[in-house]
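Read the structure below first, then the notes.
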Amino acid sequence: MKKITALLFWLVLATLSLEGRADMPDPDVLIKDTVRDVLAIVKQDKDIQAGNQKKILDLVDAKVLPHFNFARMTQLAVGKHWRHASPEQKQTLVAEFRNLLVRTYTKAFTVYRDQTVEVKPFKMAANATEVTVKTLIIKPGEPDIPVNYDLEKTADGWKAFDLTIEGVSLVSNYRSTFSDQIQQSGIEGLIRTLVEKNQSASSTPLRKAESK
């Protein structure tokens, strides 16, 4: 989970700064262009690198949230238990899972050093509605890290619903944890856990990650 937390930063890079585009670029082009543009911003913004929580939260709220399908992400993470949740519970689960991921992203912003991202060759059928874009996170002196993005085509553009880091799916990782919690204390128990984690995270100031 620690590695997933750190590497979620790259999913943020791949989904920032997409407002104002009338066209719908292919997913690999979208990721390649936005990573390039946002890296330039992060490199220059010392407040973000230092962990300015308000500035990062405002940025994530304005630029990232519109490009995720949190409802689908939550449904996949809850798995087979989703059908047993009431409409009110589903709504709360989506909201709390979204808040959990947003808090994770704010922490991930402080781990940037000199990494780059290589988007692998990509082909997409003309009628594709779901695709996987494969990338590599490259940091000098360290092994490359494969990160695959699962996106779906919607009326509002391509939206991310999962990513896989070194063969480990973010959604599947949470599904295992959520399943254990639901078996122990039910849907309401999972909701309480998510609420408590989010409340704890919101009261803990961000700190700049130590250089390695």
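Starting from 1 in every chain, residues are counted up; chains themselves are A, B, ... following the order of the structure tokens, and ligands are numbered from 1 as listed.
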Report task. Name the residues of region 77-125 of chain A that come out as strand (DSSP E) in a backbone DSSP run; write them as a PyMOL selection string. Result -> chain A and resi 116-119
Output the selection as an mmCIF file, in the first residue's frame - C-alpha atoms for each residue.
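Saved result, result23.cif, follows:
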data_model
loop_
_atom_site.group_PDB
_atom_site.id
_atom_site.type_symbol
_atom_site.label_atom_id
_atom_site.label_comp_id
_atom_site.auth_asym_id
_atom_site.auth_seq_id
_atom_site.Cartn_x
_atom_site.Cartn_y
_atom_site.Cartn_z
ATOM 1 C CA THR A 116 9.774 10.656 -15.960
ATOM 2 C CA VAL A 117 6.972 8.675 -17.591
ATOM 3 C CA GLU A 118 7.188 6.686 -20.814
ATOM 4 C CA VAL A 119 3.896 5.807 -22.508
#
Report summary line: The distance between CA of Gly186 (chain A) and CA of Gly167 (chain A) is 29.0 Å
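Taking only C-alpha atoms into account, Gln75 (chain A) lies nearest to A:Val171 out of the set A:Ile182, A:Ile187, A:Val133, A:Val171.
With distances restricted to only C-alpha atoms, A:Arg103 is the closest residue to Leu57 (chain A) from A:Lys90, A:Arg83, A:Arg103, A:Lys43.
Note that CA of Val147 (chain A) and CA of Ile191 (chain A) are 28.9 Å apart.
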Query raised in the report: What does the distance from CA of Thr154 (chain A) to CA of Arg175 (chain A) come to in Å, to one decimal?
Result: 24.1 Å
Report task. From a DSSP calculation on the backbone, collect every residue of region 15-189 of chain A in helix (DSSP H, G or I) and output the set as a VMD selection string. Result -> chain A and resid 27 to 44 46 to 50 53 to 63 65 to 67 70 to 84 87 to 111 170 to 189
Region 119-190 of chain A residues near region 68-73 of chain A within 6 Å, closest pair each, using only C-alpha atoms, as a tab-separated table:
residue	atom	partner	partner_atom	distance
A:Lys159	CA	A:Phe68	CA	5.0
A:Ala160	CA	A:Phe68	CA	5.0
A:Phe161	CA	A:Met73	CA	5.2
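Considering only C-alpha atoms, the residue among A:Lys46, A:Arg98, A:Lys153, A:His81 positioned nearest to Glu188 (chain A) is A:His81.
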